[in-house]
file data-v2.cif (mmCIF, C-alpha atoms)
data_model
#
loop_
_atom_site.group_PDB
_atom_site.id
_atom_site.type_symbol
_atom_site.label_atom_id
_atom_site.label_comp_id
_atom_site.auth_asym_id
_atom_site.auth_seq_id
_atom_site.Cartn_x
_atom_site.Cartn_y
_atom_site.Cartn_z
ATOM 1 C CA MET A 15 90.672 82.127 119.119
ATOM 2 C CA LYS A 16 93.918 82.986 117.337
ATOM 3 C CA GLN A 17 96.053 85.296 119.491
ATOM 4 C CA SER A 18 97.569 88.023 117.325
ATOM 5 C CA LYS A 19 99.039 91.490 117.527
ATOM 6 C CA TYR A 20 96.298 92.877 115.278
ATOM 7 C CA ASP A 21 92.669 92.049 114.697
ATOM 8 C CA VAL A 22 92.825 92.982 111.006
ATOM 9 C CA LEU A 23 95.618 93.440 108.482
ATOM 10 C CA THR A 24 94.421 95.614 105.604
ATOM 11 C CA VAL A 25 96.306 95.183 102.336
ATOM 12 C CA GLY A 26 95.609 97.688 99.606
ATOM 13 C CA GLU A 27 96.068 100.968 97.817
ATOM 14 C CA LEU A 28 96.988 104.293 99.424
ATOM 15 C CA ASN A 29 96.394 107.768 98.051
ATOM 16 C CA VAL A 30 95.142 111.202 99.030
ATOM 17 C CA ASP A 31 91.795 112.636 97.947
ATOM 18 C CA LEU A 32 91.361 116.178 96.669
ATOM 19 C CA ILE A 33 87.601 116.685 97.049
ATOM 20 C CA LEU A 34 85.708 119.469 95.294
ATOM 21 C CA ASN A 35 82.130 120.143 96.434
ATOM 22 C CA GLN A 36 79.367 122.605 95.596
ATOM 23 C CA ILE A 37 79.929 122.402 91.847
ATOM 24 C CA ASP A 38 77.133 123.866 89.727
ATOM 25 C CA SER A 39 77.648 121.362 86.920
ATOM 26 C CA PHE A 40 80.221 118.840 85.756
ATOM 27 C CA PRO A 41 83.224 120.168 83.785
ATOM 28 C CA GLU A 42 83.006 120.550 80.022
ATOM 29 C CA MET A 43 85.867 120.560 77.552
ATOM 30 C CA GLY A 44 87.198 124.067 76.993
ATOM 31 C CA LYS A 45 85.200 125.565 79.872
ATOM 32 C CA GLU A 46 86.013 126.389 83.477
ATOM 33 C CA LYS A 47 83.701 125.560 86.393
ATOM 34 C CA LEU A 48 83.910 126.754 90.001
ATOM 35 C CA ALA A 49 83.744 124.713 93.206
ATOM 36 C CA GLY A 50 82.417 126.166 96.444
ATOM 37 C CA SER A 51 84.656 124.104 98.733
ATOM 38 C CA MET A 52 87.827 122.003 98.634
ATOM 39 C CA ASN A 53 89.265 119.449 101.013
ATOM 40 C CA LEU A 54 92.558 117.527 100.900
ATOM 41 C CA THR A 55 92.391 114.344 102.929
ATOM 42 C CA MET A 56 93.657 110.812 103.074
ATOM 43 C CA GLY A 57 91.777 108.738 100.523
ATOM 44 C CA SER A 58 91.653 105.214 99.102
ATOM 45 C CA SER A 59 89.037 102.618 99.868
ATOM 46 C CA SER A 60 91.501 100.469 101.774
ATOM 47 C CA ALA A 61 92.580 103.300 104.066
ATOM 48 C CA ILE A 62 89.028 104.487 104.731
ATOM 49 C CA PHE A 63 88.105 100.938 105.703
ATOM 50 C CA ALA A 64 91.131 100.618 107.996
ATOM 51 C CA CYS A 65 90.599 103.974 109.714
ATOM 52 C CA ASN A 66 86.901 103.470 110.340
ATOM 53 C CA LEU A 67 87.439 99.926 111.554
ATOM 54 C CA SER A 68 90.042 101.228 113.998
ATOM 55 C CA SER A 69 87.636 103.930 115.198
ATOM 56 C CA LEU A 70 85.142 101.179 116.002
ATOM 57 C CA GLY A 71 87.680 99.643 118.358
ATOM 58 C CA SER A 72 89.408 96.934 116.300
ATOM 59 C CA LYS A 73 93.215 96.763 116.261
ATOM 60 C CA VAL A 74 94.211 97.434 112.653
ATOM 61 C CA ALA A 75 97.494 97.419 110.731
ATOM 62 C CA PHE A 76 98.030 98.485 107.125
ATOM 63 C CA LEU A 77 100.254 97.012 104.427
ATOM 64 C CA GLY A 78 100.642 99.255 101.381
ATOM 65 C CA LYS A 79 103.121 101.453 99.529
ATOM 66 C CA ILE A 80 103.535 105.241 99.358
ATOM 67 C CA GLY A 81 106.220 107.685 98.264
ATOM 68 C CA VAL A 82 108.583 109.756 100.379
ATOM 69 C CA ASP A 83 106.659 112.991 99.819
ATOM 70 C CA SER A 84 104.170 115.347 101.459
ATOM 71 C CA PHE A 85 101.172 113.252 100.383
ATOM 72 C CA GLY A 86 102.803 110.221 101.972
ATOM 73 C CA ASP A 87 103.404 112.196 105.165
ATOM 74 C CA LEU A 88 99.715 113.135 105.229
ATOM 75 C CA ILE A 89 98.728 109.478 104.963
ATOM 76 C CA ILE A 90 101.039 108.411 107.802
ATOM 77 C CA SER A 91 99.884 111.204 110.115
ATOM 78 C CA SER A 92 96.235 110.456 109.291
ATOM 79 C CA PHE A 93 96.736 106.801 110.148
ATOM 80 C CA HIS A 94 98.344 107.759 113.459
ATOM 81 C CA GLU A 95 95.389 109.991 114.299
ATOM 82 C CA LYS A 96 93.070 107.030 113.694
ATOM 83 C CA LYS A 97 95.369 104.637 115.623
ATOM 84 C CA VAL A 98 96.077 102.458 112.607
ATOM 85 C CA ASP A 99 99.499 100.789 112.874
ATOM 86 C CA THR A 100 101.847 101.866 110.051
ATOM 87 C CA ASP A 101 104.833 99.585 110.748
ATOM 88 C CA LEU A 102 104.060 97.618 107.565
ATOM 89 C CA VAL A 103 103.532 100.654 105.297
ATOM 90 C CA LEU A 104 106.367 100.756 102.751
ATOM 91 C CA ARG A 105 107.857 104.075 101.597
ATOM 92 C CA ASP A 106 109.635 104.162 98.232
ATOM 93 C CA PRO A 107 111.677 107.280 97.346
ATOM 94 C CA ASN A 108 111.529 106.395 93.659
ATOM 95 C CA VAL A 109 107.739 106.806 93.248
ATOM 96 C CA ASN A 110 105.079 109.372 94.124
ATOM 97 C CA THR A 111 102.135 108.789 96.409
ATOM 98 C CA GLY A 112 98.899 108.353 94.475
ATOM 99 C CA ALA A 113 96.085 110.917 94.371
ATOM 100 C CA THR A 114 92.407 110.999 93.400
ATOM 101 C CA ILE A 115 90.562 114.135 92.285
ATOM 102 C CA ILE A 116 86.887 113.859 93.268
ATOM 103 C CA LEU A 117 84.181 116.126 91.866
ATOM 104 C CA ASN A 118 80.929 115.871 93.815
ATOM 105 C CA TYR A 119 77.763 116.960 92.097
ATOM 106 C CA SER A 120 74.495 116.419 93.958
ATOM 107 C CA GLU A 121 74.553 112.717 94.957
ATOM 108 C CA ASP A 122 76.795 111.726 92.036
ATOM 109 C CA ARG A 123 80.513 112.133 91.505
ATOM 110 C CA ALA A 124 83.351 111.794 89.021
ATOM 111 C CA MET A 125 86.887 110.718 89.875
ATOM 112 C CA VAL A 126 90.330 110.752 88.257
ATOM 113 C CA THR A 127 93.112 108.750 89.942
ATOM 114 C CA TYR A 128 96.883 108.876 89.577
ATOM 115 C CA GLN A 129 98.021 105.472 90.872
ATOM 116 C CA GLY A 130 101.647 106.245 91.664
ATOM 117 C CA ALA A 131 103.087 104.022 94.390
ATOM 118 C CA MET A 132 100.026 101.783 94.538
ATOM 119 C CA ASN A 133 101.255 100.253 91.248
ATOM 120 C CA GLU A 134 104.368 98.990 92.996
ATOM 121 C CA LEU A 135 102.980 96.761 95.782
ATOM 122 C CA THR A 136 103.692 93.118 94.851
ATOM 123 C CA ILE A 137 103.275 89.629 96.265
ATOM 124 C CA LYS A 138 106.844 89.846 97.577
ATOM 125 C CA ASP A 139 105.595 92.436 100.069
ATOM 126 C CA VAL A 140 102.953 90.074 101.509
ATOM 127 C CA THR A 141 104.700 87.484 103.635
ATOM 128 C CA ALA A 142 103.452 84.727 105.904
ATOM 129 C CA GLU A 143 105.122 86.466 108.852
ATOM 130 C CA LYS A 144 103.217 89.704 108.221
ATOM 131 C CA CYS A 145 99.930 87.858 107.804
ATOM 132 C CA ALA A 146 100.487 85.863 110.974
ATOM 133 C CA SER A 147 100.437 89.120 112.952
ATOM 134 C CA ALA A 148 96.653 89.383 112.452
ATOM 135 C CA ARG A 149 93.443 87.355 112.779
ATOM 136 C CA HIS A 150 91.823 88.630 109.582
ATOM 137 C CA LEU A 151 93.068 89.951 106.229
ATOM 138 C CA HIS A 152 91.065 92.442 104.168
ATOM 139 C CA PHE A 153 91.971 93.411 100.599
ATOM 140 C CA SER A 154 90.437 96.301 98.637
ATOM 141 C CA SER A 155 90.654 97.867 95.175
ATOM 142 C CA LEU A 156 92.077 94.965 93.221
ATOM 143 C CA TYR A 157 91.989 96.673 89.823
ATOM 144 C CA LEU A 158 93.964 99.725 90.979
ATOM 145 C CA GLN A 159 96.946 97.579 91.965
ATOM 146 C CA PRO A 160 98.469 95.953 88.883
ATOM 147 C CA GLY A 161 101.622 94.933 90.754
ATOM 148 C CA ILE A 162 99.775 92.500 93.002
ATOM 149 C CA LYS A 163 96.619 91.756 91.003
ATOM 150 C CA PRO A 164 98.026 88.713 89.136
ATOM 151 C CA ASP A 165 98.864 87.113 92.494
ATOM 152 C CA ILE A 166 95.700 87.932 94.417
ATOM 153 C CA ALA A 167 94.852 84.241 94.902
ATOM 154 C CA GLU A 168 98.290 83.717 96.443
ATOM 155 C CA VAL A 169 97.707 86.633 98.835
ATOM 156 C CA PHE A 170 94.627 84.905 100.201
ATOM 157 C CA ARG A 171 96.305 81.504 100.142
ATOM 158 C CA ILE A 172 99.096 82.853 102.358
ATOM 159 C CA ALA A 173 96.530 84.356 104.729
ATOM 160 C CA LYS A 174 94.465 81.169 104.968
ATOM 161 C CA THR A 175 97.582 79.054 105.544
ATOM 162 C CA ALA A 176 98.461 81.406 108.410
ATOM 163 C CA GLY A 177 95.023 80.787 109.933
ATOM 164 C CA LEU A 178 93.330 84.097 109.075
ATOM 165 C CA THR A 179 89.774 84.732 107.987
ATOM 166 C CA THR A 180 89.596 86.909 104.876
ATOM 167 C CA SER A 181 87.501 89.486 103.028
ATOM 168 C CA LEU A 182 87.669 91.095 99.576
ATOM 169 C CA ASP A 183 86.153 94.233 98.092
ATOM 170 C CA MET A 184 87.392 94.189 94.508
ATOM 171 C CA GLN A 185 85.888 97.644 93.665
ATOM 172 C CA TRP A 186 85.423 99.042 90.157
ATOM 173 C CA ASP A 187 87.610 98.026 87.215
ATOM 174 C CA PRO A 188 88.583 101.218 85.302
ATOM 175 C CA ALA A 189 89.511 99.097 82.275
ATOM 176 C CA GLU A 190 86.163 97.262 82.559
ATOM 177 C CA LYS A 191 87.773 93.902 81.789
ATOM 178 C CA TRP A 192 86.568 92.258 85.018
ATOM 179 C CA ASP A 193 89.164 89.520 84.760
ATOM 180 C CA LEU A 194 89.209 88.358 88.384
ATOM 181 C CA ASP A 195 89.373 84.554 88.352
ATOM 182 C CA PHE A 196 86.631 84.177 90.948
ATOM 183 C CA ARG A 197 86.652 80.378 90.613
ATOM 184 C CA GLU A 198 90.168 80.339 92.042
ATOM 185 C CA VAL A 199 89.961 83.320 94.421
ATOM 186 C CA LEU A 200 86.545 83.160 96.082
ATOM 187 C CA PRO A 201 87.039 79.751 97.748
ATOM 188 C CA LEU A 202 89.850 81.481 99.688
ATOM 189 C CA VAL A 203 87.650 84.446 100.704
ATOM 190 C CA ASP A 204 85.289 84.276 103.672
ATOM 191 C CA VAL A 205 83.399 87.505 102.915
ATOM 192 C CA PHE A 206 83.092 88.916 99.384
ATOM 193 C CA LEU A 207 81.850 92.534 99.381
ATOM 194 C CA PRO A 208 80.952 93.842 95.889
ATOM 195 C CA ASN A 209 78.300 96.424 95.095
ATOM 196 C CA GLU A 210 75.470 95.424 92.778
ATOM 197 C CA GLN A 211 76.979 96.903 89.604
ATOM 198 C CA GLU A 212 80.377 95.303 90.251
ATOM 199 C CA LEU A 213 78.728 91.939 90.877
ATOM 200 C CA MET A 214 76.837 92.046 87.577
ATOM 201 C CA CYS A 215 79.906 93.182 85.635
ATOM 202 C CA LEU A 216 82.084 90.441 87.119
ATOM 203 C CA THR A 217 79.564 87.715 86.314
ATOM 204 C CA HIS A 218 78.190 89.227 83.061
ATOM 205 C CA ALA A 219 74.747 88.790 84.582
ATOM 206 C CA ALA A 220 71.641 90.863 83.911
ATOM 207 C CA SER A 221 70.603 90.994 87.559
ATOM 208 C CA VAL A 222 72.039 90.672 91.039
ATOM 209 C CA GLU A 223 70.135 87.435 91.557
ATOM 210 C CA ALA A 224 71.592 85.925 88.385
ATOM 211 C CA GLY A 225 75.064 87.066 89.422
ATOM 212 C CA LEU A 226 74.705 85.392 92.791
ATOM 213 C CA GLU A 227 73.804 82.134 91.069
ATOM 214 C CA VAL A 228 77.067 82.316 89.129
ATOM 215 C CA LEU A 229 79.205 82.958 92.223
ATOM 216 C CA ALA A 230 77.372 80.779 94.748
ATOM 217 C CA PRO A 231 79.264 77.534 93.938
ATOM 218 C CA TYR A 232 82.589 79.234 94.749
ATOM 219 C CA ALA A 233 81.815 81.783 97.478
ATOM 220 C CA LYS A 234 81.190 81.393 101.197
ATOM 221 C CA HIS A 235 79.449 84.634 102.135
ATOM 222 C CA ILE A 236 78.572 87.339 99.575
ATOM 223 C CA VAL A 237 77.377 90.753 100.725
ATOM 224 C CA VAL A 238 76.056 92.970 97.936
ATOM 225 C CA LYS A 239 76.000 96.691 98.735
ATOM 226 C CA MET A 240 73.048 98.434 97.124
ATOM 227 C CA GLY A 241 73.493 102.060 98.193
ATOM 228 C CA SER A 242 70.427 103.776 99.592
ATOM 229 C CA LYS A 243 68.358 100.636 98.945
ATOM 230 C CA GLY A 244 70.254 98.545 101.483
ATOM 231 C CA SER A 245 72.255 95.320 101.162
ATOM 232 C CA LEU A 246 71.769 91.699 100.176
ATOM 233 C CA LEU A 247 73.486 88.885 102.063
ATOM 234 C CA HIS A 248 73.873 85.513 100.350
ATOM 235 C CA SER A 249 75.219 82.581 102.362
ATOM 236 C CA GLY A 250 74.772 78.937 101.472
ATOM 237 C CA SER A 251 71.428 78.689 99.712
ATOM 238 C CA LYS A 252 69.818 81.614 101.541
ATOM 239 C CA SER A 253 69.621 85.336 100.752
ATOM 240 C CA GLU A 254 68.618 88.103 103.146
ATOM 241 C CA PHE A 255 67.822 91.641 102.013
ATOM 242 C CA ARG A 256 68.070 94.405 104.603
ATOM 243 C CA GLU A 257 66.933 97.968 103.991
ATOM 244 C CA SER A 258 69.302 100.862 104.571
ATOM 245 C CA PHE A 259 69.183 103.456 107.317
ATOM 246 C CA LEU A 260 68.140 106.513 105.332
ATOM 247 C CA ASN A 261 69.841 109.846 105.981
ATOM 248 C CA LYS A 262 67.603 112.694 104.787
ATOM 249 C CA ASN A 263 70.507 115.165 104.853
ATOM 250 C CA VAL A 264 73.365 113.405 103.053
ATOM 251 C CA VAL A 265 76.581 115.457 103.122
ATOM 252 C CA ASP A 266 78.294 113.134 100.641
ATOM 253 C CA ALA A 267 78.588 109.397 100.058
ATOM 254 C CA ILE A 268 82.384 109.171 99.737
ATOM 255 C CA GLY A 269 83.509 105.997 101.481
ATOM 256 C CA ALA A 270 80.004 104.796 102.368
ATOM 257 C CA GLY A 271 80.714 101.354 100.927
ATOM 258 C CA ASP A 272 84.043 101.168 102.762
ATOM 259 C CA SER A 273 82.296 102.188 105.977
ATOM 260 C CA PHE A 274 79.772 99.400 105.393
ATOM 261 C CA ASN A 275 82.737 97.026 105.084
ATOM 262 C CA SER A 276 84.254 98.274 108.337
ATOM 263 C CA GLY A 277 80.999 97.753 110.205
ATOM 264 C CA PHE A 278 80.449 94.279 108.771
ATOM 265 C CA ILE A 279 83.999 93.072 109.412
ATOM 266 C CA HIS A 280 84.124 94.607 112.917
ATOM 267 C CA LYS A 281 81.161 92.454 113.902
ATOM 268 C CA PHE A 282 82.359 89.454 111.872
ATOM 269 C CA ILE A 283 85.730 89.153 113.624
ATOM 270 C CA ASN A 284 83.975 89.442 116.977
ATOM 271 C CA GLY A 285 81.753 86.454 116.312
ATOM 272 C CA ALA A 286 78.432 88.152 115.550
ATOM 273 C CA SER A 287 75.834 86.465 113.362
ATOM 274 C CA LEU A 288 75.885 87.317 109.659
ATOM 275 C CA SER A 289 72.549 89.090 110.069
ATOM 276 C CA GLU A 290 74.031 91.276 112.835
ATOM 277 C CA CYS A 291 77.072 91.977 110.661
ATOM 278 C CA GLN A 292 74.841 93.052 107.782
ATOM 279 C CA ALA A 293 72.700 95.354 109.940
ATOM 280 C CA PHE A 294 75.760 96.991 111.483
ATOM 281 C CA GLY A 295 77.314 97.398 108.030
ATOM 282 C CA ASN A 296 74.186 99.185 106.823
ATOM 283 C CA LEU A 297 74.275 101.467 109.842
ATOM 284 C CA MET A 298 77.955 102.357 109.447
ATOM 285 C CA GLY A 299 77.419 103.126 105.757
ATOM 286 C CA ALA A 300 74.655 105.528 106.751
ATOM 287 C CA VAL A 301 76.699 107.124 109.542
ATOM 288 C CA ASN A 302 79.394 107.819 106.945
ATOM 289 C CA THR A 303 77.015 110.085 104.985
ATOM 290 C CA THR A 304 76.519 112.468 107.942
ATOM 291 C CA ALA A 305 79.911 114.169 107.375
ATOM 292 C CA ALA A 306 82.172 115.074 104.455
ATOM 293 C CA GLY A 307 84.715 112.562 103.227
ATOM 294 C CA GLY A 308 85.166 108.933 104.117
ATOM 295 C CA THR A 309 86.444 109.128 107.709
ATOM 296 C CA THR A 310 85.207 112.407 109.241
ATOM 297 C CA ALA A 311 82.144 110.840 110.890
ATOM 298 C CA PHE A 312 84.284 108.149 112.510
ATOM 299 C CA THR A 313 86.016 109.740 115.493
ATOM 300 C CA ASP A 314 85.731 107.006 118.115
ATOM 301 C CA TYR A 315 83.069 104.559 119.244
ATOM 302 C CA THR A 316 81.396 107.097 121.501
ATOM 303 C CA GLY A 317 81.182 109.641 118.689
ATOM 304 C CA ILE A 318 79.893 107.037 116.238
ATOM 305 C CA ALA A 319 77.248 105.959 118.744
ATOM 306 C CA SER A 320 76.167 109.581 119.160
ATOM 307 C CA LEU A 321 75.675 109.958 115.385
ATOM 308 C CA ALA A 322 73.784 106.668 115.178
ATOM 309 C CA LYS A 323 71.400 107.834 117.880
ATOM 310 C CA LYS A 324 71.020 111.387 116.532
ATOM 311 C CA HIS A 325 70.415 110.554 112.882
ATOM 312 C CA PHE A 326 68.927 107.052 112.961
ATOM 313 C CA ASN A 327 67.620 106.621 116.520
ATOM 314 C CA VAL A 328 69.767 103.510 117.022
ATOM 315 C CA ASP A 329 71.405 102.747 120.366
ATOM 316 C CA LEU A 330 74.820 101.097 120.134
ATOM 317 C CA VAL A 331 75.968 98.963 123.046
#
call {"tool": "encode", "arguments": {"input": "data-v2.cif", "output": "structure tokens"}}
result
Amino acid sequence: MKQSKYDVLTVGELNVDLILNQIDSFPEMGKEKLAGSMNLTMGSSSAIFACNLSSLGSKVAFLGKIGVDSFGDLIISSFHEKKVDTDLVLRDPNVNTGATIILNYSEDRAMVTYQGAMNELTIKDVTAEKCASARHLHFSSLYLQPGIKPDIAEVFRIAKTAGLTTSLDMQWDPAEKWDLDFREVLPLVDVFLPNEQELMCLTHAASVEAGLEVLAPYAKHIVVKMGSKGSLLHSGSKSEFRESFLNKNVVDAIGAGDSFNSGFIHKFINGASLSECQAFGNLMGAVNTTAAGGTTAFTDYTGIASLAKKHFNVDLV
């Protein structure tokens, strides 16, 4: 096994989340609505993944870019609380840290993101030396990072040359162009982690099954997140559907997909079977919904195990 300083190097976007809950209805032009609660917390899919993976016990470092401002300070302090290494986080005094405004309404939500510093991360910031410090590289939110998006294949090529395993969660494309060259990128990715809608948009397919047929010649392992329905694992010529762990009292679903990723990759880098990785991913996605925000439920392994037992009657070893 490759001996490295970190188990996982997460490369991706960084921003804070301003979360508004208990909203009677979505905003309308020219009208004002009231929210019953507000929370300012570290956001971004990449950071939620990194923090929750660290809480599970993996050694995690982050490579991303933020501003020299109060939002950036919040991100650094939040990482330290979760024991995520920040030595590779870049701070640029010429840009502002990004922010996302999240409006939760029932089990749905709307989001507006200011990208800020996440626009400025480029391939020059991802070096072979940095990659060599880890065993696995995870990349999230491709379409929110225009500075590095054109070179995403090179990011994974550098990682693979350095001997790392890799994973990608491309996330939603706000421009809805879906121009990832999956024929070039996916052969360099060990675990591809889209949700069902993203998969169909990327492949222009009418169903998940049809989308998998398009990607199968290029991908190694594809894990399709399907929300409260569960997940679908496709590897080689076989597919395995696994139902979700249902939480009857969902607080919110912010970061549930990222928490699934953290559970899957935690098991993956420790040599578990793909079926075990999928089951643990489902469980961690469900645990996420027991508390507000993307990282609140993930204190440490003992706390996570307590929530798994309390809400889903699952014993973690």
call {"tool": "residues_around", "arguments": {"input": "data-v2.cif", "residues": "segment 175-178 of chain A", "least_positions_apart": "2", "cutoff": "9 Å", "atoms": "all atoms listed in the file", "output": "number ranges by chain"}}
result
A: 16, 142-143, 145-146, 148-151, 170-173, 180
call {"tool": "resolve_selection", "arguments": {"input": "data-v2.cif", "expression": "the PyMOL selection byres ((chain A and resi 80) around 9)", "output": "ChimeraX atom specification"}}
result
/A:27-29,78-79,81-83,85-86,89,103-107,109-112,130-132,134
call {"tool": "resolve_selection", "arguments": {"input": "data-v2.cif", "expression": "the PyMOL selection byres ((chain A and resi 74) around 8)", "output": "list in words"}}
result
Tyr20, Asp21, Val22, Leu23, Thr24, Ala64, Leu67, Ser68, Ser72, Lys73, Ala75, Phe76, Lys97, Val98 and Asp99 of chain A
call {"tool": "resolve_selection", "arguments": {"input": "data-v2.cif", "expression": "the PyMOL selection byres ((chain A and resi 70) around 12)", "output": "ChimeraX atom specification"}}
result
/A:21,63-69,71-74,96-98,273,275-281,284,294-295,298,309,311-319,330-331
call {"tool": "atom_distance", "arguments": {"input": "data-v2.cif", "atom1": "atom CA of Ala322 of chain A", "atom2": "atom CA of Val25 of chain A"}}
result
28.4 Å
call {"tool": "closest_residue", "arguments": {"input": "data-v2.cif", "among": "A:Leu213, A:Asn133, A:Phe259, A:Ser58", "to": "Val238 of chain A", "atoms": "only C-alpha atoms"}}
result
A:Leu213
call {"tool": "closest_residue", "arguments": {"input": "data-v2.cif", "among": "A:Asp122, A:Asp183, A:Asp266, A:Asp139", "to": "Val169 of chain A", "atoms": "only C-alpha atoms"}}
result
A:Asp139
call {"tool": "atom_distance", "arguments": {"input": "data-v2.cif", "atom1": "atom CA of Leu226 of chain A", "atom2": "atom CA of Gly161 of chain A"}}
result
28.6 Å
call {"tool": "axis_aligned_box", "arguments": {"input": "data-v2.cif", "around": "segment 247-262 of chain A", "padding_each_side": "3 Å", "output": "AutoDock Vina command-line options"}}
result
--center_x 71.1 --center_y 95.7 --center_z 103.5 --size_x 14.3 --size_y 40.0 --size_z 13.6
call {"tool": "residues_near_point", "arguments": {"input": "data-v2.cif", "point": "(97.8, 91.9, 90.7)", "cutoff": "12 Å", "atoms": "all atoms listed in the file", "output": "compact mmCIF listing (two decimals) with C-alpha atoms, in the coordinates of the input"}}
result
# COMPACT_ATOMS: atom_id res chain seq x y z
CA GLY A 26 95.61 97.69 99.61
CA GLU A 27 96.07 100.97 97.82
CA MET A 132 100.03 101.78 94.54
CA ASN A 133 101.26 100.25 91.25
CA GLU A 134 104.37 98.99 93.00
CA LEU A 135 102.98 96.76 95.78
CA THR A 136 103.69 93.12 94.85
CA ILE A 137 103.28 89.63 96.26
CA LYS A 138 106.84 89.85 97.58
CA PHE A 153 91.97 93.41 100.60
CA SER A 154 90.44 96.30 98.64
CA SER A 155 90.65 97.87 95.18
CA LEU A 156 92.08 94.96 93.22
CA TYR A 157 91.99 96.67 89.82
CA LEU A 158 93.96 99.72 90.98
CA GLN A 159 96.95 97.58 91.96
CA PRO A 160 98.47 95.95 88.88
CA GLY A 161 101.62 94.93 90.75
CA ILE A 162 99.78 92.50 93.00
CA LYS A 163 96.62 91.76 91.00
CA PRO A 164 98.03 88.71 89.14
CA ASP A 165 98.86 87.11 92.49
CA ILE A 166 95.70 87.93 94.42
CA ALA A 167 94.85 84.24 94.90
CA GLU A 168 98.29 83.72 96.44
CA VAL A 169 97.71 86.63 98.84
CA MET A 184 87.39 94.19 94.51
CA ASP A 193 89.16 89.52 84.76
CA LEU A 194 89.21 88.36 88.38
CA ASP A 195 89.37 84.55 88.35
call {"tool": "build_atoms", "arguments": {"input": "data-v2.cif", "residues": "segment 70-81 of chain A", "atoms": "N, CA and C atoms", "output": "PDB file, in the coordinates of the input"}}
result
ATOM      1  N   LEU A  70      86.138 102.022 115.354  1.00  0.00           N
ATOM      2  CA  LEU A  70      85.142 101.179 116.002  1.00  0.00           C
ATOM      3  C   LEU A  70      85.716 100.367 117.151  1.00  0.00           C
ATOM      4  N   GLY A  71      87.047 100.321 117.236  1.00  0.00           N
ATOM      5  CA  GLY A  71      87.680  99.643 118.358  1.00  0.00           C
ATOM      6  C   GLY A  71      88.507  98.429 117.996  1.00  0.00           C
ATOM      7  N   SER A  72      88.565  98.054 116.716  1.00  0.00           N
ATOM      8  CA  SER A  72      89.408  96.934 116.300  1.00  0.00           C
ATOM      9  C   SER A  72      90.862  97.392 116.191  1.00  0.00           C
ATOM     10  N   LYS A  73      91.783  96.469 116.419  1.00  0.00           N
ATOM     11  CA  LYS A  73      93.215  96.763 116.261  1.00  0.00           C
ATOM     12  C   LYS A  73      93.605  96.477 114.806  1.00  0.00           C
ATOM     13  N   VAL A  74      94.035  97.526 114.101  1.00  0.00           N
ATOM     14  CA  VAL A  74      94.211  97.434 112.653  1.00  0.00           C
ATOM     15  C   VAL A  74      95.632  97.829 112.263  1.00  0.00           C
ATOM     16  N   ALA A  75      96.218  97.068 111.351  1.00  0.00           N
ATOM     17  CA  ALA A  75      97.494  97.419 110.731  1.00  0.00           C
ATOM     18  C   ALA A  75      97.286  97.524 109.228  1.00  0.00           C
ATOM     19  N   PHE A  76      98.156  98.285 108.574  1.00  0.00           N
ATOM     20  CA  PHE A  76      98.030  98.485 107.125  1.00  0.00           C
ATOM     21  C   PHE A  76      99.310  98.072 106.420  1.00  0.00           C
ATOM     22  N   LEU A  77      99.146  97.361 105.302  1.00  0.00           N
ATOM     23  CA  LEU A  77     100.254  97.012 104.427  1.00  0.00           C
ATOM     24  C   LEU A  77      99.985  97.614 103.055  1.00  0.00           C
ATOM     25  N   GLY A  78     100.782  98.590 102.662  1.00  0.00           N
ATOM     26  CA  GLY A  78     100.642  99.255 101.381  1.00  0.00           C
ATOM     27  C   GLY A  78     101.907 100.012 101.068  1.00  0.00           C
ATOM     28  N   LYS A  79     101.904 100.752  99.953  1.00  0.00           N
ATOM     29  CA  LYS A  79     103.121 101.453  99.529  1.00  0.00           C
ATOM     30  C   LYS A  79     102.794 102.895  99.175  1.00  0.00           C
ATOM     31  N   ILE A  80     103.652 103.815  99.653  1.00  0.00           N
ATOM     32  CA  ILE A  80     103.535 105.241  99.358  1.00  0.00           C
ATOM     33  C   ILE A  80     104.915 105.794  99.022  1.00  0.00           C
ATOM     34  N   GLY A  81     104.955 107.038  98.542  1.00  0.00           N
ATOM     35  CA  GLY A  81     106.220 107.685  98.264  1.00  0.00           C
ATOM     36  C   GLY A  81     106.768 108.403  99.481  1.00  0.00           C
TER      37      GLY A  81
END
